[in-house]
Amino acid sequence: MGTDLARQYEVITSQWINDGNFTGLGTEKDPLVGANDGTGVFTIPQHPVRRRLQQPPRFVITKGGEYLFLPGIRALNWLAELDD
């Protein structure tokens with residue numbers, strides 16, 4: 001678990017957040033963290049009638065990114081047992 005970025009983070013950012021594939025909404029982007037440019041639509045599924053937000057603004061601007069891997073529990077325990 002946690003060994004394949006393409007199946008975890010990349011899927012979430014591409015399909016769930018920016019492509020709408022996860023919810024079956026075509027190319028709609030997540031209204032909070034998606035790469036919105038003010039020209040799209042976001043559908044809120046409600047019963048009996050859904051609601052559509054036109055041209056949601058950009059809330060988050062990505063300036064860069066990194067993949068960071070923290071040590072596992074075994075490594076943390078080993079570090080905790082080291083003498084100063």
# chains A, B, ... in the order shown; residues from 1 in each chain; ligands from 1
$ select_by_dssp --residues "chain A" --states "alpha helix (DSSP H)" --output "PDB file with C-alpha atoms, in the first residue's frame"
ATOM      1  CA  TYR A   9      -2.623  10.643  -5.935  1.00  0.00           C
ATOM      2  CA  GLU A  10      -2.577  10.922  -9.716  1.00  0.00           C
ATOM      3  CA  VAL A  11      -5.982   9.230 -10.050  1.00  0.00           C
ATOM      4  CA  ILE A  73       6.288   2.947  11.702  1.00  0.00           C
ATOM      5  CA  ARG A  74       9.222   0.502  11.868  1.00  0.00           C
ATOM      6  CA  ALA A  75      11.654   3.243  10.873  1.00  0.00           C
ATOM      7  CA  LEU A  76      10.164   5.672  13.390  1.00  0.00           C
ATOM      8  CA  ASN A  77      10.439   3.075  16.162  1.00  0.00           C
ATOM      9  CA  TRP A  78      14.059   2.401  15.187  1.00  0.00           C
ATOM     10  CA  LEU A  79      14.860   6.135  15.260  1.00  0.00           C
ATOM     11  CA  ALA A  80      13.163   6.504  18.657  1.00  0.00           C
TER      12      ALA A  80
END
$ select_by_dssp --residues "chain A" --states "strand (DSSP E)" --output "list in words"
Val41, Phe42, Thr43, Ile44, Arg51, Arg52, Leu53 and Gln54 of chain A
$ residues_around --residues "Phe59 (chain A)" --least-positions-apart "2" --cutoff "9 Å" --atoms "only C-alpha atoms" --output "list of chain:residue names"
A:Pro31, A:Leu32, A:Val33, A:Gly34, A:Ala35, A:Asn36, A:Pro56, A:Pro57, A:Ile61
$ residues_around --residues "Val41 (chain A)" --least-positions-apart "4" --cutoff "10 Å" --atoms "only C-alpha atoms" --output "ChimeraX atom specification"
/A:25,27-31,36,52-56
$ atom_distance --atom1 "CA of Thr62 (chain A)" --atom2 "CA of Asp4 (chain A)"
22.3 Å
$ residues_around --residues "Arg51 (chain A)" --least-positions-apart "5" --cutoff "12 Å" --atoms "only C-alpha atoms" --output "number ranges by chain"
A: 41-46
$ write_last_selection --atoms "all heavy atoms" --output "PDB file, in the first residue's frame"
ATOM      1  N   VAL A  41     -18.810  24.540 -15.212  1.00  0.00           N
ATOM      2  CA  VAL A  41     -20.067  24.306 -14.507  1.00  0.00           C
ATOM      3  C   VAL A  41     -19.795  23.253 -13.442  1.00  0.00           C
ATOM      4  O   VAL A  41     -18.981  22.363 -13.640  1.00  0.00           O
ATOM      5  CB  VAL A  41     -21.151  23.786 -15.476  1.00  0.00           C
ATOM      6  CG1 VAL A  41     -22.424  23.432 -14.744  1.00  0.00           C
ATOM      7  CG2 VAL A  41     -21.425  24.795 -16.564  1.00  0.00           C
ATOM      8  N   PHE A  42     -20.478  23.353 -12.304  1.00  0.00           N
ATOM      9  CA  PHE A  42     -20.399  22.307 -11.288  1.00  0.00           C
ATOM     10  C   PHE A  42     -21.814  21.916 -10.895  1.00  0.00           C
ATOM     11  O   PHE A  42     -22.630  22.764 -10.554  1.00  0.00           O
ATOM     12  CB  PHE A  42     -19.631  22.760 -10.055  1.00  0.00           C
ATOM     13  CG  PHE A  42     -19.530  21.678  -9.013  1.00  0.00           C
ATOM     14  CD1 PHE A  42     -18.707  20.596  -9.210  1.00  0.00           C
ATOM     15  CD2 PHE A  42     -20.293  21.726  -7.864  1.00  0.00           C
ATOM     16  CE1 PHE A  42     -18.620  19.578  -8.274  1.00  0.00           C
ATOM     17  CE2 PHE A  42     -20.223  20.719  -6.919  1.00  0.00           C
ATOM     18  CZ  PHE A  42     -19.381  19.643  -7.125  1.00  0.00           C
ATOM     19  N   THR A  43     -22.112  20.613 -10.944  1.00  0.00           N
ATOM     20  CA  THR A  43     -23.445  20.110 -10.642  1.00  0.00           C
ATOM     21  C   THR A  43     -23.495  19.577  -9.221  1.00  0.00           C
ATOM     22  O   THR A  43     -22.655  18.767  -8.835  1.00  0.00           O
ATOM     23  CB  THR A  43     -23.839  18.988 -11.617  1.00  0.00           C
ATOM     24  OG1 THR A  43     -23.757  19.494 -12.948  1.00  0.00           O
ATOM     25  CG2 THR A  43     -25.244  18.496 -11.341  1.00  0.00           C
ATOM     26  N   ILE A  44     -24.488  20.013  -8.463  1.00  0.00           N
ATOM     27  CA  ILE A  44     -24.730  19.492  -7.117  1.00  0.00           C
ATOM     28  C   ILE A  44     -25.905  18.532  -7.230  1.00  0.00           C
ATOM     29  O   ILE A  44     -27.027  18.944  -7.528  1.00  0.00           O
ATOM     30  CB  ILE A  44     -25.072  20.623  -6.129  1.00  0.00           C
ATOM     31  CG1 ILE A  44     -23.931  21.625  -6.059  1.00  0.00           C
ATOM     32  CG2 ILE A  44     -25.380  20.044  -4.751  1.00  0.00           C
ATOM     33  CD1 ILE A  44     -24.255  22.880  -5.273  1.00  0.00           C
ATOM     34  N   PRO A  45     -25.635  17.224  -7.006  1.00  0.00           N
ATOM     35  CA  PRO A  45     -26.740  16.271  -7.121  1.00  0.00           C
ATOM     36  C   PRO A  45     -27.703  16.420  -5.949  1.00  0.00           C
ATOM     37  O   PRO A  45     -27.320  16.277  -4.804  1.00  0.00           O
ATOM     38  CB  PRO A  45     -26.048  14.908  -7.114  1.00  0.00           C
ATOM     39  CG  PRO A  45     -24.700  15.140  -6.561  1.00  0.00           C
ATOM     40  CD  PRO A  45     -24.381  16.587  -6.714  1.00  0.00           C
ATOM     41  N   GLN A  46     -28.920  16.780  -6.238  1.00  0.00           N
ATOM     42  CA  GLN A  46     -29.961  16.914  -5.221  1.00  0.00           C
ATOM     43  C   GLN A  46     -31.184  16.148  -5.698  1.00  0.00           C
ATOM     44  O   GLN A  46     -31.365  15.923  -6.887  1.00  0.00           O
ATOM     45  CB  GLN A  46     -30.331  18.376  -4.992  1.00  0.00           C
ATOM     46  CG  GLN A  46     -29.255  19.194  -4.354  1.00  0.00           C
ATOM     47  CD  GLN A  46     -29.700  20.646  -4.161  1.00  0.00           C
ATOM     48  OE1 GLN A  46     -30.636  21.120  -4.788  1.00  0.00           O
ATOM     49  NE2 GLN A  46     -29.028  21.345  -3.278  1.00  0.00           N
TER      50      GLN A  46
END
$ decode --residues "chain A" --atoms "C-alpha atoms" --output "PDB file, in the first residue's frame"
ATOM      1  CA  MET A   1       0.000   0.000   0.000  1.00  0.00           C
ATOM      2  CA  GLY A   2       1.270   3.500  -0.766  1.00  0.00           C
ATOM      3  CA  THR A   3       3.677   2.299  -3.460  1.00  0.00           C
ATOM      4  CA  ASP A   4       2.027   3.348  -6.721  1.00  0.00           C
ATOM      5  CA  LEU A   5       1.507   7.077  -7.227  1.00  0.00           C
ATOM      6  CA  ALA A   6      -0.267   6.585 -10.526  1.00  0.00           C
ATOM      7  CA  ARG A   7      -2.992   4.601  -8.786  1.00  0.00           C
ATOM      8  CA  GLN A   8      -3.404   6.935  -5.824  1.00  0.00           C
ATOM      9  CA  TYR A   9      -2.623  10.643  -5.935  1.00  0.00           C
ATOM     10  CA  GLU A  10      -2.577  10.922  -9.716  1.00  0.00           C
ATOM     11  CA  VAL A  11      -5.982   9.230 -10.050  1.00  0.00           C
ATOM     12  CA  ILE A  12      -7.498  11.465  -7.392  1.00  0.00           C
ATOM     13  CA  THR A  13      -6.184  14.686  -8.907  1.00  0.00           C
ATOM     14  CA  SER A  14      -6.910  13.794 -12.495  1.00  0.00           C
ATOM     15  CA  GLN A  15     -10.148  11.805 -12.391  1.00  0.00           C
ATOM     16  CA  TRP A  16     -11.838  12.886  -9.162  1.00  0.00           C
ATOM     17  CA  ILE A  17     -10.822  16.538  -8.991  1.00  0.00           C
ATOM     18  CA  ASN A  18     -10.317  17.726 -12.555  1.00  0.00           C
ATOM     19  CA  ASP A  19     -12.176  15.353 -14.904  1.00  0.00           C
ATOM     20  CA  GLY A  20     -15.468  14.628 -13.145  1.00  0.00           C
ATOM     21  CA  ASN A  21     -15.099  10.914 -13.938  1.00  0.00           C
ATOM     22  CA  PHE A  22     -15.565   9.821 -10.319  1.00  0.00           C
ATOM     23  CA  THR A  23     -19.053  11.281 -10.091  1.00  0.00           C
ATOM     24  CA  GLY A  24     -20.025  10.698 -13.716  1.00  0.00           C
ATOM     25  CA  LEU A  25     -20.250  14.421 -14.465  1.00  0.00           C
ATOM     26  CA  GLY A  26     -18.116  14.503 -17.593  1.00  0.00           C
ATOM     27  CA  THR A  27     -15.498  17.247 -17.529  1.00  0.00           C
ATOM     28  CA  GLU A  28     -16.752  19.108 -14.448  1.00  0.00           C
ATOM     29  CA  LYS A  29     -14.044  20.037 -11.964  1.00  0.00           C
ATOM     30  CA  ASP A  30     -14.237  20.005  -8.171  1.00  0.00           C
ATOM     31  CA  PRO A  31     -15.426  23.504  -7.183  1.00  0.00           C
ATOM     32  CA  LEU A  32     -12.923  23.944  -4.338  1.00  0.00           C
ATOM     33  CA  VAL A  33      -9.667  22.284  -5.370  1.00  0.00           C
ATOM     34  CA  GLY A  34     -10.141  21.719  -9.104  1.00  0.00           C
ATOM     35  CA  ALA A  35      -8.286  23.733 -11.717  1.00  0.00           C
ATOM     36  CA  ASN A  36     -11.253  26.037 -12.358  1.00  0.00           C
ATOM     37  CA  ASP A  37     -10.782  28.989 -14.647  1.00  0.00           C
ATOM     38  CA  GLY A  38     -14.205  30.594 -14.220  1.00  0.00           C
ATOM     39  CA  THR A  39     -15.704  29.109 -17.391  1.00  0.00           C
ATOM     40  CA  GLY A  40     -17.013  25.729 -16.234  1.00  0.00           C
ATOM     41  CA  VAL A  41     -20.067  24.306 -14.507  1.00  0.00           C
ATOM     42  CA  PHE A  42     -20.399  22.307 -11.288  1.00  0.00           C
ATOM     43  CA  THR A  43     -23.445  20.110 -10.642  1.00  0.00           C
ATOM     44  CA  ILE A  44     -24.730  19.492  -7.117  1.00  0.00           C
ATOM     45  CA  PRO A  45     -26.740  16.271  -7.121  1.00  0.00           C
ATOM     46  CA  GLN A  46     -29.961  16.914  -5.221  1.00  0.00           C
ATOM     47  CA  HIS A  47     -33.218  15.069  -5.133  1.00  0.00           C
ATOM     48  CA  PRO A  48     -35.555  15.623  -6.937  1.00  0.00           C
ATOM     49  CA  VAL A  49     -33.785  18.357  -8.955  1.00  0.00           C
ATOM     50  CA  ARG A  50     -30.032  18.888  -9.248  1.00  0.00           C
ATOM     51  CA  ARG A  51     -28.480  22.318  -8.986  1.00  0.00           C
ATOM     52  CA  ARG A  52     -25.812  23.710 -11.325  1.00  0.00           C
ATOM     53  CA  LEU A  53     -23.296  26.373 -10.393  1.00  0.00           C
ATOM     54  CA  GLN A  54     -22.186  28.342 -13.433  1.00  0.00           C
ATOM     55  CA  GLN A  55     -18.590  29.498 -13.753  1.00  0.00           C
ATOM     56  CA  PRO A  56     -17.247  28.645 -10.265  1.00  0.00           C
ATOM     57  CA  PRO A  57     -14.201  30.806  -9.446  1.00  0.00           C
ATOM     58  CA  ARG A  58     -10.757  29.439  -8.675  1.00  0.00           C
ATOM     59  CA  PHE A  59     -10.284  28.939  -4.910  1.00  0.00           C
ATOM     60  CA  VAL A  60      -6.901  27.181  -4.894  1.00  0.00           C
ATOM     61  CA  ILE A  61      -3.877  28.108  -6.986  1.00  0.00           C
ATOM     62  CA  THR A  62      -1.183  25.449  -7.284  1.00  0.00           C
ATOM     63  CA  LYS A  63       2.315  26.914  -7.287  1.00  0.00           C
ATOM     64  CA  GLY A  64       4.167  23.596  -7.418  1.00  0.00           C
ATOM     65  CA  GLY A  65       4.133  20.154  -5.935  1.00  0.00           C
ATOM     66  CA  GLU A  66       6.242  17.406  -4.475  1.00  0.00           C
ATOM     67  CA  TYR A  67       5.894  13.731  -3.711  1.00  0.00           C
ATOM     68  CA  LEU A  68       7.038  13.155  -0.152  1.00  0.00           C
ATOM     69  CA  PHE A  69       7.406   9.767   1.503  1.00  0.00           C
ATOM     70  CA  LEU A  70       7.563   9.681   5.271  1.00  0.00           C
ATOM     71  CA  PRO A  71       9.307   6.886   7.153  1.00  0.00           C
ATOM     72  CA  GLY A  72       7.156   3.939   8.127  1.00  0.00           C
ATOM     73  CA  ILE A  73       6.288   2.947  11.702  1.00  0.00           C
ATOM     74  CA  ARG A  74       9.222   0.502  11.868  1.00  0.00           C
ATOM     75  CA  ALA A  75      11.654   3.243  10.873  1.00  0.00           C
ATOM     76  CA  LEU A  76      10.164   5.672  13.390  1.00  0.00           C
ATOM     77  CA  ASN A  77      10.439   3.075  16.162  1.00  0.00           C
ATOM     78  CA  TRP A  78      14.059   2.401  15.187  1.00  0.00           C
ATOM     79  CA  LEU A  79      14.860   6.135  15.260  1.00  0.00           C
ATOM     80  CA  ALA A  80      13.163   6.504  18.657  1.00  0.00           C
ATOM     81  CA  GLU A  81      15.353   3.758  20.117  1.00  0.00           C
ATOM     82  CA  LEU A  82      18.656   5.274  18.971  1.00  0.00           C
ATOM     83  CA  ASP A  83      20.990   6.610  21.660  1.00  0.00           C
ATOM     84  CA  ASP A  84      21.724  10.330  21.547  1.00  0.00           C
TER      85      ASP A  84
END
